[in-house]
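**Q** My structure file start-v1.txt, compact mmCIF, C-alpha atoms, is below:
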# COMPACT_ATOMS: atom_id res chain seq x y z
CA MET A 525 -4.83 -17.38 7.99
CA SER A 526 -6.60 -15.30 5.42
CA THR A 527 -6.03 -12.03 3.63
CA LEU A 528 -8.27 -9.05 2.97
CA HIS A 529 -7.57 -7.62 -0.47
CA THR A 530 -8.46 -4.02 -1.21
CA VAL A 531 -8.67 -2.85 -4.84
CA ASN A 532 -8.99 0.82 -5.76
CA LYS A 533 -8.57 0.78 -9.55
CA SER A 534 -11.16 0.27 -12.28
CA PRO A 535 -10.83 -3.12 -14.01
CA PHE A 536 -11.90 -1.43 -17.26
CA THR A 537 -8.50 0.34 -17.34
CA HIS A 538 -6.21 -1.62 -15.01
CA GLY A 539 -5.24 -5.26 -14.45
CA THR A 540 -5.27 -4.72 -10.68
CA LEU A 541 -8.52 -6.54 -9.93
CA ALA A 542 -7.63 -9.45 -12.23
CA SER A 543 -4.24 -9.81 -10.48
CA CYS A 544 -5.89 -9.74 -7.09
CA LEU A 545 -8.45 -12.36 -8.08
CA SER A 546 -5.74 -14.60 -9.56
CA ILE A 547 -4.25 -15.19 -6.11
CA CYS A 548 -7.39 -14.82 -4.03
CA THR A 549 -8.26 -17.96 -2.13
CA ASP A 550 -11.30 -19.45 -0.39
CA SER A 551 -11.15 -17.79 3.00
CA ASP A 552 -10.00 -14.40 1.67
CA GLY A 553 -12.11 -11.26 1.38
CA VAL A 554 -12.09 -8.63 -1.35
CA LEU A 555 -13.10 -5.02 -0.76
CA LEU A 556 -13.60 -2.74 -3.76
CA LEU A 557 -13.18 0.95 -2.96
CA GLU A 558 -12.61 4.25 -4.78
CA ASP A 559 -12.49 3.49 -8.54
CA GLY A 560 -12.29 -0.18 -7.60
CA VAL A 561 -16.09 -0.17 -7.22
CA PHE A 562 -16.43 -0.15 -11.02
CA GLY A 563 -15.29 -3.77 -10.66
CA ALA A 564 -18.61 -4.58 -8.97
CA MET A 565 -20.68 -3.62 -12.04
CA THR A 566 -22.61 -6.34 -13.87
CA THR A 567 -20.49 -5.47 -16.92
CA THR A 568 -17.17 -5.90 -15.08
CA PRO A 569 -14.47 -7.66 -17.12
CA CYS A 570 -13.86 -9.90 -14.08
CA ALA A 571 -17.50 -11.09 -13.69
CA THR A 572 -16.81 -14.78 -14.35
CA ARG A 573 -13.89 -15.05 -11.96
CA LEU A 574 -15.70 -13.00 -9.30
CA THR A 575 -18.74 -15.27 -9.45
CA GLU A 576 -16.53 -18.36 -9.33
CA LEU A 577 -14.73 -17.07 -6.22
CA ILE A 578 -17.97 -16.03 -4.52
CA GLU A 579 -19.34 -19.53 -5.12
CA GLN A 580 -16.17 -20.91 -3.49
CA GLY A 581 -16.87 -18.84 -0.38
CA VAL A 582 -14.87 -15.65 -0.97
CA ARG A 583 -16.83 -12.61 0.23
CA VAL A 584 -16.64 -9.64 -2.10
CA TYR A 585 -17.66 -6.19 -0.90
CA ALA A 586 -17.98 -2.73 -2.42
CA LEU A 587 -17.69 0.41 -0.30
CA ILE A 588 -21.13 1.97 -0.35
CA ASP A 589 -20.07 5.63 -0.28
CA ASP A 590 -17.87 5.08 -3.33
CA VAL A 591 -20.72 3.23 -5.09
CA LYS A 592 -23.19 6.04 -4.33
CA ALA A 593 -20.73 8.76 -5.28
CA ARG A 594 -20.40 7.22 -8.73
CA GLY A 595 -24.12 6.57 -9.25
CA LEU A 596 -23.66 2.80 -9.52
CA GLU A 597 -26.23 1.52 -7.01
CA LYS A 598 -28.52 -0.05 -9.62
CA MET A 599 -25.71 -1.39 -11.80
CA LEU A 600 -24.01 -3.84 -9.44
CA MET A 601 -23.70 -7.61 -9.48
CA SER A 602 -26.23 -9.01 -7.00
CA ASN A 603 -23.70 -11.31 -5.29
CA ILE A 604 -21.47 -8.41 -4.23
CA GLU A 605 -22.20 -7.07 -0.76
CA LEU A 606 -22.20 -3.40 0.19
CA THR A 607 -20.33 -2.22 3.25
CA ASP A 608 -19.23 1.02 4.94
CA TYR A 609 -16.00 2.11 6.66
CA VAL A 610 -16.97 0.40 9.92
CA GLY A 611 -17.45 -2.76 7.86
CA PHE A 612 -14.05 -2.20 6.27
CA VAL A 613 -12.48 -1.97 9.74
CA GLN A 614 -14.27 -5.14 10.85
CA LEU A 615 -13.10 -6.98 7.74
CA SER A 616 -9.53 -5.93 8.43
CA THR A 617 -9.76 -7.38 11.93
CA GLN A 618 -11.31 -10.63 10.69
CA HIS A 619 -8.43 -11.28 8.28
CA ARG A 620 -4.82 -11.55 9.37
CA CYS A 621 -3.32 -9.22 6.75
CA VAL A 622 -4.47 -6.57 4.33
CA GLN A 623 -3.02 -6.44 0.80
CA SER A 624 -3.71 -3.18 -1.04
CA TRP A 625 -3.84 -3.49 -4.81
CA TYR A 626 -3.30 -0.02 -6.28
CA MET B 968 -6.66 -4.00 18.11
CA ILE B 969 -3.74 -1.72 17.36
CA PHE B 970 -3.69 -0.35 13.82
CA SER B 971 -1.19 1.65 11.81
CA LEU B 972 -1.85 3.17 8.41
CA ALA B 973 0.53 3.80 5.51
CA VAL B 974 -0.49 6.63 3.18
CA TYR B 975 1.32 6.73 -0.16
CA SER B 976 -0.84 9.11 -2.20
CA PRO B 977 -1.04 12.89 -2.28
CA PRO B 978 -4.19 14.74 -1.26
CA TYR B 979 -6.41 16.14 -4.06
CA SER B 980 -4.68 14.19 -6.88
CA SER B 981 -6.03 10.92 -5.51
CA GLN B 982 -8.89 9.74 -3.29
CA ALA B 983 -6.62 7.57 -1.15
CA SER B 984 -5.94 10.19 1.56
CA GLU B 985 -9.68 10.68 2.03
CA SER B 986 -10.17 6.90 2.29
CA ALA B 987 -7.35 6.64 4.82
CA TYR B 988 -8.86 9.40 6.93
CA ARG B 989 -12.31 7.80 6.93
CA PHE B 990 -10.81 4.42 7.78
CA ALA B 991 -8.91 6.03 10.67
CA GLU B 992 -12.07 7.66 12.02
CA ALA B 993 -14.03 4.41 11.73
CA LEU B 994 -11.44 2.29 13.51
CA LEU B 995 -11.21 4.78 16.38
CA ALA B 996 -15.01 4.90 16.62
CA GLU B 997 -15.00 1.11 16.87
CA GLY B 998 -12.74 1.31 19.92
CA HIS B 999 -9.50 0.25 18.24
CA SER B 1000 -6.32 2.27 18.66
CA LEU B 1001 -4.19 3.89 16.01
CA TYR B 1002 -0.47 3.73 16.74
CA ARG B 1003 0.88 5.64 13.77
CA ILE B 1004 0.07 7.06 10.36
CA PHE B 1005 3.13 6.88 8.15
CA PHE B 1006 3.24 9.12 5.09
CA TYR B 1007 5.53 7.92 2.31
CA GLN B 1008 6.01 8.45 -1.42
CA ASP B 1009 3.69 11.26 -2.64
CA GLY B 1010 1.72 10.83 0.60
CA VAL B 1011 4.21 13.21 2.22
CA HIS B 1012 2.29 16.11 0.64
CA ASN B 1013 -0.41 15.54 3.27
CA SER B 1014 1.89 17.24 5.79
CA SER B 1015 2.50 20.58 4.09
CA GLN B 1016 1.16 23.58 5.98
CA LEU B 1017 1.12 25.48 2.70
CA LEU B 1018 -1.74 23.47 1.21
CA THR B 1019 -4.37 26.11 0.49
CA PRO B 1020 -7.55 24.44 -0.74
CA PRO B 1021 -10.62 26.52 -1.61
CA GLN B 1022 -13.10 26.85 1.29
CA ASP B 1023 -15.50 24.23 -0.05
CA GLU B 1024 -12.79 21.54 -0.26
CA THR B 1025 -11.21 19.44 2.47
CA ASP B 1026 -8.21 20.84 4.33
CA PHE B 1027 -6.33 17.57 4.67
CA THR B 1028 -3.36 18.76 6.69
CA SER B 1029 -5.46 20.39 9.40
CA ARG B 1030 -7.78 17.42 9.52
CA TRP B 1031 -4.91 14.95 10.09
CA ARG B 1032 -3.56 17.28 12.76
CA GLU B 1033 -6.91 17.48 14.58
CA LEU B 1034 -7.34 13.70 14.45
CA SER B 1035 -3.86 13.25 15.84
CA GLU B 1036 -4.47 15.73 18.67
CA ARG B 1037 -7.81 14.22 19.61
CA HIS B 1038 -6.51 10.65 19.72
CA HIS B 1039 -2.76 11.07 20.34
CA ILE B 1040 -1.72 9.52 17.05
CA ASP B 1041 1.83 9.63 15.80
CA LEU B 1042 1.94 11.36 12.37
CA VAL B 1043 5.27 10.43 10.80
CA VAL B 1044 6.50 11.64 7.43
CA CYS B 1045 9.34 9.77 5.73
CA ILE B 1046 12.22 12.21 5.82
CA ALA B 1047 13.93 11.07 2.61
CA ALA B 1048 10.68 11.12 0.61
CA ALA B 1049 9.72 14.48 2.13
CA LEU B 1050 12.97 16.36 1.60
CA LYS B 1051 13.20 15.53 -2.08
CA ARG B 1052 9.59 16.66 -2.55
CA GLY B 1053 10.18 19.97 -0.77
CA ILE B 1054 8.60 19.19 2.60
CA LEU B 1055 10.99 20.42 5.31
CA ASP B 1056 10.83 21.20 8.99
CA GLU B 1057 12.81 24.06 10.50
CA GLU B 1058 15.79 21.91 11.39
CA GLU B 1059 16.14 20.50 7.86
CA ALA B 1060 15.61 23.93 6.30
CA ASN B 1061 18.51 25.22 8.38
CA ARG B 1062 20.67 22.19 7.63
CA TYR B 1063 20.20 22.56 3.87
CA GLU B 1064 20.15 26.37 3.97
CA LYS B 1065 16.67 26.65 2.50
CA PRO B 1066 14.75 29.92 2.80
CA ALA B 1067 11.58 28.36 4.26
CA HIS B 1068 10.09 25.32 5.97
CA ASN B 1069 6.58 23.97 5.58
CA LEU B 1070 6.01 20.83 7.67
CA HIS B 1071 2.73 21.32 9.54
CA GLU B 1072 2.86 21.28 13.33
CA GLY B 1073 1.97 17.87 14.70
CA PHE B 1074 3.78 15.94 11.96
CA ALA B 1075 7.32 14.61 12.49
CA LEU B 1076 9.97 13.86 9.89
CA SER B 1077 11.64 10.54 10.56
CA GLY B 1078 13.25 7.58 8.86
CA LEU B 1079 11.66 4.78 6.92
CA GLY B 1080 12.38 2.58 9.93
CA GLN B 1081 9.26 4.10 11.48
CA LEU B 1082 7.18 2.25 8.87
CA VAL B 1083 8.79 -1.03 9.88
CA ASP B 1084 8.37 -0.14 13.55
CA ALA B 1085 4.68 0.57 12.89
CA ALA B 1086 4.32 -2.95 11.49
CA LEU B 1087 6.09 -4.44 14.48
CA MET B 1088 4.03 -2.50 17.03
CA SER B 1089 0.62 -3.00 15.38
CA ASP B 1090 -1.76 -5.88 14.86
CA ARG B 1091 -2.82 -4.49 11.49
CA LEU B 1092 -1.09 -2.30 8.94
CA VAL B 1093 -3.32 -0.97 6.18
CA THR B 1094 -1.89 0.71 3.09
CA PHE B 1095 -3.63 3.45 1.13
CA GLY B 1096 -1.91 4.05 -2.19
CA GLY B 1097 -2.50 4.96 -5.81
CA MET C 256 9.29 -11.68 18.75
CA ARG C 257 10.17 -11.80 15.05
CA LYS C 258 7.33 -11.04 12.68
CA LYS C 259 6.83 -12.42 9.21
CA ILE C 260 6.66 -9.49 6.82
CA LEU C 261 6.17 -9.80 3.08
CA PHE C 262 6.87 -6.89 0.75
CA ILE C 263 4.88 -7.08 -2.48
CA SER C 264 6.40 -5.05 -5.31
CA ARG C 265 4.00 -4.83 -8.27
CA HIS C 266 5.14 -1.78 -10.20
CA ALA C 267 7.62 -1.33 -13.01
CA PRO C 268 10.82 0.57 -12.30
CA TYR C 269 11.50 4.17 -13.41
CA GLY C 270 8.09 5.27 -14.75
CA SER C 271 6.98 5.92 -11.18
CA SER C 272 8.91 6.01 -7.92
CA ILE C 273 6.93 3.19 -6.30
CA ALA C 274 9.40 0.41 -7.13
CA LYS C 275 12.37 2.42 -5.84
CA GLU C 276 10.61 3.44 -2.65
CA ALA C 277 9.55 -0.18 -2.12
CA LEU C 278 13.18 -1.27 -2.40
CA ASP C 279 14.26 1.44 0.06
CA ALA C 280 11.66 0.12 2.51
CA VAL C 281 12.89 -3.46 2.10
CA LEU C 282 16.51 -2.44 2.72
CA THR C 283 15.46 -0.46 5.79
CA ALA C 284 13.43 -3.37 7.15
CA ALA C 285 16.44 -5.66 6.73
CA ALA C 286 18.09 -3.91 9.69
CA TYR C 287 15.25 -4.96 12.03
CA ASP C 288 16.05 -8.67 12.24
CA GLN C 289 12.59 -9.83 11.19
CA ASP C 290 11.51 -12.70 8.94
CA LEU C 291 11.40 -10.76 5.65
CA SER C 292 10.30 -11.86 2.22
CA LEU C 293 9.97 -9.98 -1.04
CA LEU C 294 7.60 -10.89 -3.88
CA PHE C 295 7.77 -9.45 -7.38
CA MET C 296 4.47 -9.60 -9.20
CA ASP C 297 2.71 -7.97 -12.17
CA ASP C 298 4.92 -5.24 -13.72
CA GLY C 299 7.19 -5.51 -10.67
CA ILE C 300 9.00 -8.36 -12.44
CA PHE C 301 10.43 -5.83 -14.92
CA GLN C 302 12.72 -4.69 -12.09
CA LEU C 303 14.50 -8.02 -12.51
CA LEU C 304 15.52 -7.69 -16.15
CA PRO C 305 19.25 -7.61 -16.87
CA ASN C 306 20.79 -5.02 -19.23
CA GLN C 307 19.05 -2.07 -17.59
CA GLN C 308 20.87 1.16 -18.45
CA ALA C 309 18.96 3.57 -16.27
CA ASN C 310 21.65 6.23 -16.52
CA ALA C 311 20.14 6.92 -19.94
CA ILE C 312 17.20 8.52 -18.08
CA GLY C 313 19.15 9.88 -15.13
CA GLN C 314 18.20 7.14 -12.67
CA LYS C 315 19.96 4.42 -10.72
CA SER C 316 19.64 0.96 -12.21
CA PHE C 317 17.63 -1.68 -10.36
CA ALA C 318 19.97 -4.20 -11.97
CA SER C 319 22.78 -2.79 -9.85
CA MET C 320 20.74 -2.40 -6.65
CA LEU C 321 18.73 -5.63 -6.45
CA PRO C 322 21.64 -8.11 -6.35
CA ALA C 323 22.60 -6.51 -3.00
CA LEU C 324 19.46 -7.87 -1.35
CA PRO C 325 20.97 -11.21 -0.22
CA LEU C 326 23.85 -9.23 1.35
CA TYR C 327 21.23 -7.48 3.47
CA ASP C 328 19.91 -10.89 4.54
CA VAL C 329 16.80 -10.56 2.38
CA GLU C 330 17.02 -14.11 1.18
CA ASN C 331 13.42 -15.05 0.53
CA ILE C 332 12.92 -13.46 -2.87
CA PHE C 333 9.99 -14.70 -4.89
CA VAL C 334 8.67 -14.06 -8.39
CA HIS C 335 5.10 -14.73 -9.46
CA LEU C 336 5.22 -17.31 -12.24
CA GLU C 337 2.08 -16.21 -14.11
CA SER C 338 3.35 -12.60 -14.15
CA LEU C 339 6.53 -13.84 -15.86
CA GLN C 340 4.57 -15.98 -18.31
CA ALA C 341 2.15 -13.17 -19.21
CA ARG C 342 5.16 -11.04 -20.17
CA GLY C 343 7.01 -13.77 -22.04
CA ILE C 344 9.96 -13.80 -19.67
CA SER C 345 11.53 -16.96 -18.32
CA LYS C 346 13.18 -17.34 -14.95
CA ASN C 347 16.64 -17.88 -16.42
CA GLU C 348 16.50 -14.47 -18.10
CA LEU C 349 16.28 -12.69 -14.73
CA LEU C 350 19.04 -10.73 -12.99
CA PHE C 351 19.85 -13.34 -10.43
CA ASP C 352 19.08 -17.00 -10.06
CA SER C 353 18.46 -17.08 -6.31
CA VAL C 354 14.85 -15.99 -6.86
CA GLN C 355 12.19 -18.64 -6.44
CA THR C 356 9.20 -18.74 -8.76
CA LEU C 357 5.78 -19.30 -7.21
CA ASP C 358 2.55 -19.98 -9.03
CA SER C 359 -0.67 -18.24 -7.98
CA THR C 360 -1.61 -20.99 -5.54
CA ALA C 361 1.80 -20.80 -3.87
CA VAL C 362 1.55 -16.99 -3.72
CA SER C 363 -1.82 -17.31 -1.93
CA ALA C 364 -0.19 -19.66 0.57
CA LEU C 365 2.76 -17.29 1.04
CA LEU C 366 0.42 -14.38 1.83
CA ALA C 367 -1.49 -16.52 4.29
CA GLN C 368 1.68 -17.17 6.35
CA GLN C 369 2.47 -13.51 7.01
CA ASP C 370 1.93 -11.20 9.97
CA HIS C 371 2.03 -8.12 7.74
CA LEU C 372 1.93 -7.31 4.05
CA LEU C 373 3.65 -4.18 2.83
CA SER C 374 1.93 -3.35 -0.43
CA PHE C 375 3.86 -1.47 -3.10
Would you write the structure of this file as structure tokens?
**A**
Amino acid sequence: MSTLHTVNKSPFTHGTLASCLSICTDSDGVLLLEDGVFGAMTTTPCATRLTELIEQGVRVYALIDDVKARGLEKMLMSNIELTDYVGFVQLSTQHRCVQSWY
Amino acid sequence: MIFSLAVYSPPYSSQASESAYRFAEALLAEGHSLYRIFFYQDGVHNSSQLLTPPQDETDFTSRWRELSERHHIDLVVCIAAALKRGILDEEEANRYEKPAHNLHEGFALSGLGQLVDAALMSDRLVTFGG
Amino acid sequence: MRKKILFISRHAPYGSSIAKEALDAVLTAAAYDQDLSLLFMDDGIFQLLPNQQANAIGQKSFASMLPALPLYDVENIFVHLESLQARGISKNELLFDSVQTLDSTAVSALLAQQDHLLSF
């Protein structure tokens, strides 16, 4: 079974996203929320690993309200999908467990 | 599905309480049920009836209370984490001879076992921390 | 029915209360007769260093609390190998030797076996 990982810290200041991605596996999902959405920027320190995981089939999402709130809509990696809270709920039902990285 | 949420962050200092609330509203709107919201660590501050935000900011305590009333959700505050942070109900205030109590109506102080019970009774447990 | 529950403890002791409140939750859960595991990862591995003298800062030492875990029947205690390596700590320097090290791939597999993750 697979895990949904949520990350709410900026990778420019914290190692949280890098830790999450180090144990993230093919069928897992990653949801960036709160300050975690800075991890979806084209300039994110985790860009290489994120792209590698996405190519392996991991779906990576950013919570749209948090993206909008921070003015990041035009600064995001194109392979990261936007979702809302209903999407977050659906993701948590599609994966067996949710691991919160904070 | 049956969900429970664990909230570990205080209101205002962190966005996590807001995220937890929105997640709770979304899961209920999707037809899922919410068994319990467990407040632990600094999350216990969500239950103080003395929170007095300015009018243009969210009143977290009342909002949790309304959500709980509307959907019959158990709002449980870890008693050990709450007492040491100055969140007391009337019974605990009397027990420790404190001059006041501040746990908002609708929240219950209980043991950490209620977090474990929430995991056992729910299909999904989602943590909001930091 | 017993559930498989994994506690993930990722924060250093003392500087914040997260590690202590995680441990309290683990000890509480131990009374529920479930299939419990505990994983130390990231700065959480610092809880496992010997020679902690937390009385110097008015706190209780993790070095005196953690060895009680097996007595509470929390026997599946894991440490993330890469977190140890990144901090230059080897397994034989840790508080107790009954911990099992897992690399990132094994940690992924451990997470995938659980019914619930309790994230600390």
**Q** Can you work out which residues from chain A touch chain B at a cut-off of 12 Å (counting only C-alpha atoms) and hand them back as number ranges by chain?
**A** A: 527-534, 538, 540, 556-560, 587, 589-590, 608-626
**Q** Write out as a PyMOL selection string which residues come within 10 Å of Ile263 of chain C when counting all atoms listed in the file, dropping same-chain ones fewer than 2 positions away.
**A** (chain A and resi 623-625) or (chain C and resi 260-261+265-266+274+277+281+292-297+299+333-334+366+372-375)
**Q** Give the residues of chain C that lie within 10 Å of chain B; count only C-alpha atoms, and format the answer as a list in words.
**A** Met256, Arg257, Lys258, Lys259, Ile260, Ser272, Ile273, Lys275, Glu276, Ala277, Asp279, Ala280, Val281, Leu282, Thr283, Ala284, Ala285, Ala286, Tyr287, Gln289, Asp370, His371, Leu372, Leu373, Ser374 and Phe375 of chain C
**Q** Can you tell me which residues surround Gln307 of chain C at a distance of at most 9 Å, considering only C-alpha atoms, apart from same-chain residues fewer than 5 positions away, and format the answer as JSON, numbers by chain?
**A** {"C": [302, 316, 317, 318, 319]}
**Q** With distances taken over only C-alpha atoms, which residue among B:Ser1077, B:Thr1028, B:Ser976, B:Gln1022 lies nearest Leu1050 of chain B?
**A**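 Checking each candidate against Leu1050 of chain B, we get B:Ser1077 as the closest.
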**Q** What does the structure give for the distance between atom CA of Gln1016 of chain B and atom CA of Ile1054 of chain B, in Å to one decimal?
**A**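 About the pair atom CA of Gln1016 of chain B and atom CA of Ile1054 of chain B: they are 9.3 Å apart.
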**Q** Separation of atom CA of Lys315 of chain C and atom CA of Ile300 of chain C, in Å?
**A**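 A separation of 16.9 Å between them.
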**Q** In Å, with one decimal, what is the gap from atom CA of Leu303 of chain C to atom CA of Cys570 of chain A?
**A** 28.5 Å
**Q** Around all listed atoms of segment 276-283 of chain C, padded 5 Å per side, what centre and edge lengths does the axis-aligned box have in Å to one decimal, as lines of an AutoDock Vina configuration file?
**A**
center_x = 13.0
center_y = 0.0
center_z = 1.6
size_x = 17.0
size_y = 16.9
size_z = 18.4
**Q** Using all atoms listed in the file, which of C:Ser264, C:Asn347, C:Gln314, C:Ser353 sits nearest chain A?
**A**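 Of the candidates, the smallest distance to chain A is held by C:Ser264.
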**Q** Pick out the residues sitting within 6 Å of Gly553 of chain A, and hand them over as a VMD selection string; count all atoms listed in the file, and ignore anything fewer than 3 positions along from it in its own chain.
**A** chain A and resid 528 582 to 584
**Q** Which residues come within 12 Å of Thr1025 of chain B, counting only C-alpha atoms, excluding same-chain residues fewer than 2 positions away, as a PyMOL selection string?
**A** chain B and resi 978-979+982+984-985+988+1013+1018-1023+1027-1031
**Q** Between C:Tyr269, C:Asp352, C:Ala311, C:Phe262, which is the closest to chain A once you count only C-alpha atoms?
**A**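 Of all the options, C:Phe262 lies closest to chain A.
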**Q** Rank A:Leu606, A:Leu596, A:Met565, A:Cys548 by their smallest atom-to-atom distance to Ile578 of chain A, using all atoms listed in the file, and report the top residue only.
**A**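 The closest residue to Ile578 of chain A is A:Cys548.
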